Structure formats: structure tokens, C-alpha cells
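Data first, discussion second: the structure below is written as C-alpha cells.
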Amino acid sequence: DTAVSQTPKYLVTQMGNDKSIKCEQNLGHDTMYWYKQDSKKFLKIMFSYNNKELIINETVPNRFSPKSPDKAHLNLHINSLELGDSAVYFCASTRTGTEAFFGQGTRLTVV
Amino acid sequence: AQRVTQPEKLLSVFKGAPVELKCNYSYSGSPELFWYVQYSRQRLQLLLRHISRESIKGFTADLNKGETSFHLKKPFAQEEDSAMYYCALLTGGGNKLTFGTGTQLKVEL
């Protein structure tokens, strides 16, 4: 019944590795987001997709590549992980202009 | 460019005291504003939005276009209100939700 689900919940990996975080929503929403929440709890938008198309890319390094195979999924692939990538990543979805529903977050730790 | 400012990183009040979490925005268009809340170890969830003009869990927020503010208020704080509160602005034709830096509310007994 979970509206927005992310996997994995925790991810610990070494510098230089490539990893992916998956997000799925079953709400029929047309807009999906990725946010990064740093250690100070700042919540910064990374990407926004509408109907599988990239709408917003907020100056995120190109090591981060979102992929939306369909409207219900927005995955985040990260290449060559760096220590500074350690954060909690949140996926969210909305029907354009309405309330955003968030996933439970993925805590990424790069060691 | 749009911007959301929450000047207080931490707000500590006693139970039963009034609460006001400040939010100011910068946007040239017609703003659509929200308050989201994140309780400990839970996901972010919507608390209220300005167009609804409703009270949720005793919280209200009024959009003041003259002062470009959307402050969140509650007359009597409860212990269960302790959480992280984010003000958010929706722009980009409804495709960009920008958050403020958040205010941690701590309600003490």
C-alpha cells in the first residue's frame, strides 16, 4: 500500500563505486522528484521529471543520472561515488501542482 | 529565481506556549506555498497548503503577499509537535517544489 517506495533504505559503499537507488510510486502521479538532504537537514531539489521527461536539473554533477523508464518509476544512478555524496536521498511524486508524497529516504554513506 | 527562507534553524518552546515558525519567500509570480513536517524517523508529509486555508493539528498559516511571508502558527504547543518543519514554494508550472532550510521545533515539558 506504500504510495512512494524507495530501495534500498540504507546503502554503505566505498568511494569510486557506482550505485543505484530505485523509486516507485503507485499513485498515478505524473511528476517525480529526487531531493538530497544533507547532514544539516537542508533539502535540496536535484531533479524533476514530468511524464518521463526531465524538467529540472539543479546543477547536479553529471555523475548523477536519473532514469525514468515509465511514469511510475524514477531511478537515480550515481557514478564514481565521493565522500560528499553521503546524504539521505528522497524521492517524491505529485500530480502536477498538488501535494507531494515522499518516500522514506535512502541513507547513503560513502566510506 | 525563487527562494524560500526560514531564518530559525532551531526553535525551542515550552508545552502550552504559542509557536510561530517563520517563512519568507521570493518569487515574481503567484506563489503556491506549503508547510511540510518530518517527525523523527518518518518521511516528510504535507502539513498544510495556503490555498486550503485550513487548520491541521491546530496549525494555521496565512499567506501575506505584502510581506512575502507564510508563517506557521499554533496557539498552544504540544510535545508531539516536536519535529522538523519545512516551508515550500511550488513554481515552474507546478513542476518545481523548492524547500526552505527547515526549522527544528522542540517542545519541552
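Naming scheme: A, B, ... for chains in displayed order of the C-alpha cells; residues 1 onward per chain; ligands 1 onward as shown.
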
Please return, as a ChimeraX atom specification, all residues of chain B lying within 7 Å of chain A when only C-alpha atoms are considered.
/B:42-46,94-96,98-99,101-102

What would the file look like if the residues just selected were written as a short mmCIF file (atom, residue, chain, number, x, y, z; two decimals), in the first residue's frame with all heavy atoms?
```cif
data_model
loop_
_atom_site.label_atom_id
_atom_site.label_comp_id
_atom_site.auth_asym_id
_atom_site.auth_seq_id
_atom_site.Cartn_x
_atom_site.Cartn_y
_atom_site.Cartn_z
N GLN B 42 10.59 9.51 10.35
CA GLN B 42 9.47 9.33 9.43
C GLN B 42 9.72 10.13 8.16
O GLN B 42 10.61 10.98 8.10
CB GLN B 42 8.16 9.77 10.08
CG GLN B 42 7.73 8.90 11.24
CD GLN B 42 6.35 9.27 11.75
OE1 GLN B 42 5.51 9.75 11.00
NE2 GLN B 42 6.12 9.03 13.02
N ARG B 43 8.93 9.84 7.15
CA ARG B 43 9.10 10.57 5.90
C ARG B 43 8.43 11.94 5.99
O ARG B 43 7.58 12.18 6.83
CB ARG B 43 8.50 9.77 4.74
CG ARG B 43 7.00 9.53 4.83
CD ARG B 43 6.55 8.58 3.73
NE ARG B 43 6.97 7.23 4.00
CZ ARG B 43 7.03 6.27 3.07
NH1 ARG B 43 6.70 6.53 1.83
NH2 ARG B 43 7.41 5.05 3.37
N LEU B 44 8.83 12.81 5.10
CA LEU B 44 8.18 14.12 5.01
C LEU B 44 6.72 13.94 4.64
O LEU B 44 6.38 13.09 3.81
CB LEU B 44 8.82 14.98 3.92
CG LEU B 44 9.85 15.99 4.34
CD1 LEU B 44 11.18 15.32 4.49
CD2 LEU B 44 9.95 17.10 3.33
N GLN B 45 5.89 14.78 5.20
CA GLN B 45 4.47 14.74 4.85
C GLN B 45 3.91 16.15 4.87
O GLN B 45 4.40 17.02 5.60
CB GLN B 45 3.69 13.85 5.81
CG GLN B 45 3.83 14.23 7.27
CD GLN B 45 3.20 13.19 8.19
OE1 GLN B 45 1.99 13.10 8.29
NE2 GLN B 45 4.02 12.40 8.84
N LEU B 46 2.88 16.33 4.08
CA LEU B 46 2.27 17.65 3.99
C LEU B 46 1.55 17.97 5.29
O LEU B 46 0.81 17.15 5.83
CB LEU B 46 1.27 17.67 2.83
CG LEU B 46 0.51 18.98 2.65
CD1 LEU B 46 1.46 20.07 2.17
CD2 LEU B 46 -0.64 18.81 1.66
N GLY B 94 4.13 24.14 -11.71
CA GLY B 94 3.77 23.03 -10.84
C GLY B 94 4.76 21.91 -10.84
O GLY B 94 4.50 20.83 -10.30
N ASN B 95 5.94 22.13 -11.44
CA ASN B 95 6.93 21.08 -11.54
C ASN B 95 8.16 21.27 -10.66
O ASN B 95 9.07 20.45 -10.68
CB ASN B 95 7.42 20.96 -12.99
CG ASN B 95 6.36 20.34 -13.89
OD1 ASN B 95 5.74 19.36 -13.53
ND2 ASN B 95 6.17 20.94 -15.04
N LYS B 96 8.21 22.36 -9.93
CA LYS B 96 9.38 22.59 -9.09
C LYS B 96 8.95 22.96 -7.69
O LYS B 96 8.34 24.01 -7.47
CB LYS B 96 10.26 23.68 -9.68
CG LYS B 96 11.55 23.89 -8.89
CD LYS B 96 12.48 24.87 -9.56
CE LYS B 96 13.78 25.00 -8.79
NZ LYS B 96 14.71 25.96 -9.42
N THR B 98 10.37 23.89 -4.18
CA THR B 98 11.60 24.36 -3.53
C THR B 98 11.37 24.48 -2.04
O THR B 98 10.41 25.12 -1.61
CB THR B 98 12.02 25.72 -4.11
OG1 THR B 98 12.22 25.59 -5.52
CG2 THR B 98 13.32 26.20 -3.47
N PHE B 99 12.27 23.91 -1.26
CA PHE B 99 12.13 23.92 0.19
C PHE B 99 13.03 24.96 0.84
O PHE B 99 14.12 25.26 0.34
CB PHE B 99 12.48 22.55 0.76
CG PHE B 99 11.43 21.50 0.52
CD1 PHE B 99 11.41 20.78 -0.66
CD2 PHE B 99 10.44 21.27 1.46
CE1 PHE B 99 10.43 19.83 -0.89
CE2 PHE B 99 9.46 20.30 1.23
CZ PHE B 99 9.46 19.59 0.06
N THR B 101 15.26 25.92 4.39
CA THR B 101 16.29 25.15 5.07
C THR B 101 15.75 24.39 6.28
O THR B 101 16.47 23.59 6.87
CB THR B 101 17.42 26.06 5.53
OG1 THR B 101 16.85 27.20 6.20
CG2 THR B 101 18.25 26.54 4.35
N GLY B 102 14.50 24.64 6.63
CA GLY B 102 13.91 23.88 7.71
C GLY B 102 14.11 24.51 9.09
O GLY B 102 15.11 25.18 9.34
#
```

Got a sec to tell me which of chain B DSSP assigns to helix (DSSP H, G or I), as a PyMOL selection string?
chain B and resi 79-81+92-94

Could you take the residues named above and write them with C-alpha atoms, as a JSON list (two decimals), in the first residue's frame?
```
[["chain", "number", "residue", "atom", "x", "y", "z"],
["B", 79, "GLU", "CA", 5.01, 17.71, 22.91],
["B", 80, "GLU", "CA", 4.05, 15.74, 19.79],
["B", 81, "ASP", "CA", 4.63, 18.83, 17.67],
["B", 92, "GLY", "CA", 7.75, 26.02, -12.67],
["B", 93, "GLY", "CA", 4.21, 25.35, -13.79],
["B", 94, "GLY", "CA", 3.77, 23.03, -10.84]]
```

Polymer residues at most 12 Å from Ala77 (chain B), only C-alpha atoms, same-chain spacing of 3 or more positions, as a PyMOL selection string
chain B and resi 11-21+57-59+73-74+80-83+105-109

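Among the candidates A:Asp85, A:Asp38, A:Asp18, A:Glu53, the residue lying nearest to Ser68 (chain A) is A:Glu53 (atoms considered: only C-alpha atoms).
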
Please determine, counting only C-alpha atoms, which residue among A:Ala72, A:Cys91, A:Val60, A:Leu83 has the shortest atom-to-atom distance to Leu108 (chain A).
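Among the listed residues, A:Leu83 lies closest to Leu108 (chain A).
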
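Omitting Leu63 (chain B) and its sequence neighbours fewer than 4 positions away, and counting only C-alpha atoms, the residues within 8 Å are Leu33, His50, Thr68, Ser69, Phe70 and His71 of chain B.
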
Residues as selected, C-alpha atoms, written as a PDB file, in the first residue's frame, can you do that?
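File written: out.pdb
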```
ATOM      1  CA  LEU B  33       3.049  27.672  -0.595  1.00  0.00           C
ATOM      2  CA  HIS B  50      -2.120  28.037   1.682  1.00  0.00           C
ATOM      3  CA  THR B  68       6.026  37.785   1.194  1.00  0.00           C
ATOM      4  CA  SER B  69       5.568  35.602   4.233  1.00  0.00           C
ATOM      5  CA  PHE B  70       3.827  32.355   5.112  1.00  0.00           C
ATOM      6  CA  HIS B  71       4.442  31.907   8.816  1.00  0.00           C
TER       7      HIS B  71
END
```

Point out the residue among B:Ile56, B:Leu47, B:Ala61, B:Met84 with the least atom-to-atom distance to Leu10 (chain B), counting only C-alpha atoms.
B:Met84

Please return, as a tab-separated table (two decimals) with N, CA and C atoms, in the first residue's frame, all residues of chain A that DSSP assigns to strand (DSSP E) on the basis of the backbone.
```tsv
chain	number	residue	atom	x	y	z
A	4	VAL	N	4.82	5.83	-2.11
A	4	VAL	CA	6.11	6.06	-2.75
A	4	VAL	C	7.13	5.21	-2.01
A	5	SER	N	7.76	4.32	-2.71
A	5	SER	CA	8.72	3.42	-2.07
A	5	SER	C	10.08	3.53	-2.71
A	6	GLN	N	11.09	3.54	-1.86
A	6	GLN	CA	12.48	3.63	-2.32
A	6	GLN	C	13.24	2.41	-1.83
A	7	THR	N	14.16	1.96	-2.66
A	7	THR	CA	15.07	0.90	-2.24
A	7	THR	C	16.47	1.20	-2.74
A	10	TYR	N	19.05	1.74	3.27
A	10	TYR	CA	20.41	2.10	3.67
A	10	TYR	C	21.38	1.58	2.61
A	11	LEU	N	22.42	2.36	2.38
A	11	LEU	CA	23.42	1.96	1.39
A	11	LEU	C	24.77	2.46	1.86
A	12	VAL	N	25.67	1.53	2.13
A	12	VAL	CA	27.03	1.88	2.53
A	12	VAL	C	27.96	1.33	1.46
A	13	THR	N	28.80	2.20	0.92
A	13	THR	CA	29.64	1.79	-0.19
A	13	THR	C	30.95	2.56	-0.18
A	19	LYS	N	26.48	3.18	-7.87
A	19	LYS	CA	25.31	2.59	-7.19
A	19	LYS	C	24.03	3.21	-7.75
A	20	SER	N	22.93	2.48	-7.54
A	20	SER	CA	21.61	2.97	-7.96
A	20	SER	C	20.63	2.93	-6.81
A	21	ILE	N	19.72	3.89	-6.82
A	21	ILE	CA	18.60	3.93	-5.87
A	21	ILE	C	17.33	3.91	-6.72
A	22	LYS	N	16.38	3.06	-6.30
A	22	LYS	CA	15.16	2.94	-7.09
A	22	LYS	C	13.99	3.60	-6.37
A	23	CYS	N	13.07	4.12	-7.17
A	23	CYS	CA	11.88	4.75	-6.62
A	23	CYS	C	10.67	4.37	-7.46
A	24	GLU	N	9.60	4.03	-6.77
A	24	GLU	CA	8.36	3.67	-7.46
A	24	GLU	C	7.19	4.32	-6.75
A	25	GLN	N	6.24	4.82	-7.51
A	25	GLN	CA	5.02	5.37	-6.91
A	25	GLN	C	3.80	4.72	-7.56
A	31	THR	N	4.41	13.66	-11.96
A	31	THR	CA	5.68	14.35	-11.66
A	31	THR	C	6.41	13.63	-10.55
A	32	MET	N	7.70	13.40	-10.75
A	32	MET	CA	8.52	12.76	-9.73
A	32	MET	C	9.79	13.57	-9.52
A	33	TYR	N	10.31	13.51	-8.29
A	33	TYR	CA	11.48	14.29	-7.90
A	33	TYR	C	12.52	13.42	-7.21
A	34	TRP	N	13.75	13.92	-7.24
A	34	TRP	CA	14.78	13.47	-6.32
A	34	TRP	C	15.28	14.68	-5.53
A	35	TYR	N	15.38	14.49	-4.20
A	35	TYR	CA	15.92	15.50	-3.31
A	35	TYR	C	17.09	14.92	-2.54
A	36	LYS	N	18.01	15.80	-2.16
A	36	LYS	CA	19.14	15.42	-1.32
A	36	LYS	C	19.02	16.17	0.01
A	37	GLN	N	19.06	15.42	1.11
A	37	GLN	CA	19.04	16.05	2.43
A	37	GLN	C	20.39	15.83	3.10
A	43	LEU	N	17.21	20.45	2.48
A	43	LEU	CA	16.53	19.60	1.49
A	43	LEU	C	16.64	20.30	0.14
A	44	LYS	N	17.46	19.74	-0.72
A	44	LYS	CA	17.73	20.41	-1.98
A	44	LYS	C	17.22	19.59	-3.16
A	45	ILE	N	16.47	20.26	-4.04
A	45	ILE	CA	15.96	19.56	-5.21
A	45	ILE	C	17.11	19.23	-6.15
A	46	MET	N	17.07	18.01	-6.69
A	46	MET	CA	18.10	17.60	-7.66
A	46	MET	C	17.49	17.54	-9.06
A	47	PHE	N	16.42	16.76	-9.19
A	47	PHE	CA	15.79	16.55	-10.48
A	47	PHE	C	14.27	16.55	-10.33
A	48	SER	N	13.62	16.95	-11.43
A	48	SER	CA	12.18	16.82	-11.52
A	48	SER	C	11.85	16.23	-12.88
A	49	TYR	N	10.99	15.24	-12.90
A	49	TYR	CA	10.55	14.60	-14.13
A	49	TYR	C	9.04	14.74	-14.23
A	50	ASN	N	8.58	15.02	-15.44
A	50	ASN	CA	7.15	15.05	-15.70
A	50	ASN	C	6.85	14.14	-16.88
A	53	GLU	N	9.82	12.80	-18.66
A	53	GLU	CA	10.76	13.77	-19.26
A	53	GLU	C	11.40	14.64	-18.19
A	54	LEU	N	12.69	14.86	-18.35
A	54	LEU	CA	13.42	15.69	-17.41
A	54	LEU	C	12.96	17.14	-17.53
A	55	ILE	N	12.51	17.71	-16.42
A	55	ILE	CA	12.05	19.09	-16.41
A	55	ILE	C	13.08	19.99	-15.72
A	56	ILE	N	13.61	19.52	-14.61
A	56	ILE	CA	14.53	20.32	-13.83
A	56	ILE	C	15.78	19.51	-13.50
A	57	ASN	N	16.93	20.14	-13.70
A	57	ASN	CA	18.20	19.57	-13.28
A	57	ASN	C	18.93	20.71	-12.57
A	64	PHE	N	25.58	12.00	-11.51
A	64	PHE	CA	24.22	11.60	-11.13
A	64	PHE	C	23.37	11.52	-12.39
A	65	SER	N	22.79	10.38	-12.65
A	65	SER	CA	21.97	10.25	-13.85
A	65	SER	C	20.63	9.62	-13.48
A	66	PRO	N	19.58	10.41	-13.55
A	66	PRO	CA	18.25	9.87	-13.30
A	66	PRO	C	17.74	9.13	-14.53
A	67	LYS	N	16.90	8.14	-14.26
A	67	LYS	CA	16.28	7.43	-15.39
A	67	LYS	C	14.84	7.13	-15.04
A	68	SER	N	13.95	7.44	-15.97
A	68	SER	CA	12.53	7.21	-15.75
A	68	SER	C	12.00	6.29	-16.84
A	69	PRO	N	11.97	4.99	-16.57
A	69	PRO	CA	11.50	4.06	-17.59
A	69	PRO	C	10.01	4.19	-17.88
A	70	ASP	N	9.26	4.65	-16.89
A	70	ASP	CA	7.84	4.92	-17.07
A	70	ASP	C	7.41	5.92	-16.00
A	73	HIS	N	8.12	5.19	-12.19
A	73	HIS	CA	9.46	4.92	-11.69
A	73	HIS	C	10.42	6.05	-12.01
A	74	LEU	N	11.25	6.38	-11.02
A	74	LEU	CA	12.35	7.32	-11.26
A	74	LEU	C	13.54	6.84	-10.45
A	75	ASN	N	14.51	6.29	-11.17
A	75	ASN	CA	15.70	5.75	-10.51
A	75	ASN	C	16.85	6.74	-10.58
A	76	LEU	N	17.74	6.60	-9.64
A	76	LEU	CA	18.90	7.50	-9.58
A	76	LEU	C	20.17	6.67	-9.57
A	77	HIS	N	20.98	6.87	-10.60
A	77	HIS	CA	22.25	6.16	-10.69
A	77	HIS	C	23.38	7.14	-10.41
A	78	ILE	N	24.31	6.72	-9.58
A	78	ILE	CA	25.42	7.59	-9.23
A	78	ILE	C	26.74	6.90	-9.56
A	87	ALA	N	24.53	11.30	2.17
A	87	ALA	CA	23.34	12.10	2.49
A	87	ALA	C	22.14	11.15	2.51
A	88	VAL	N	20.98	11.74	2.80
A	88	VAL	CA	19.73	10.99	2.64
A	88	VAL	C	19.07	11.49	1.37
A	89	TYR	N	18.73	10.58	0.50
A	89	TYR	CA	18.10	10.92	-0.77
A	89	TYR	C	16.62	10.56	-0.70
A	90	PHE	N	15.80	11.55	-1.04
A	90	PHE	CA	14.36	11.35	-1.01
A	90	PHE	C	13.78	11.41	-2.41
A	91	CYS	N	12.92	10.48	-2.69
A	91	CYS	CA	12.12	10.52	-3.90
A	91	CYS	C	10.74	11.05	-3.52
A	92	ALA	N	10.10	11.76	-4.43
A	92	ALA	CA	8.76	12.27	-4.18
A	92	ALA	C	7.97	12.27	-5.48
A	93	SER	N	6.65	12.27	-5.34
A	93	SER	CA	5.82	12.37	-6.53
A	93	SER	C	4.63	13.27	-6.25
A	94	THR	N	4.12	13.90	-7.32
A	94	THR	CA	2.93	14.73	-7.22
A	94	THR	C	2.11	14.60	-8.50
A	101	PHE	N	4.11	13.58	-2.27
A	101	PHE	CA	4.24	12.42	-1.39
A	101	PHE	C	5.69	11.94	-1.45
A	102	PHE	N	6.26	11.69	-0.28
A	102	PHE	CA	7.67	11.34	-0.20
A	102	PHE	C	7.89	9.87	0.12
A	106	THR	N	16.60	7.20	1.39
A	106	THR	CA	17.72	6.25	1.31
A	106	THR	C	18.94	6.92	1.91
A	107	ARG	N	19.44	6.34	2.99
A	107	ARG	CA	20.62	6.91	3.64
A	107	ARG	C	21.87	6.32	2.98
A	108	LEU	N	22.55	7.16	2.22
A	108	LEU	CA	23.77	6.74	1.52
A	108	LEU	C	24.99	7.18	2.32
A	109	THR	N	25.85	6.23	2.60
A	109	THR	CA	27.10	6.53	3.29
A	109	THR	C	28.25	6.06	2.42
A	110	VAL	N	29.11	6.99	2.07
A	110	VAL	CA	30.27	6.67	1.24
A	110	VAL	C	31.51	6.67	2.14
```

Which residue, B:Tyr27, B:Leu97, B:Gln104, B:Tyr39, has the smallest gap to Glu58 (chain A) when you use only C-alpha atoms?
B:Leu97
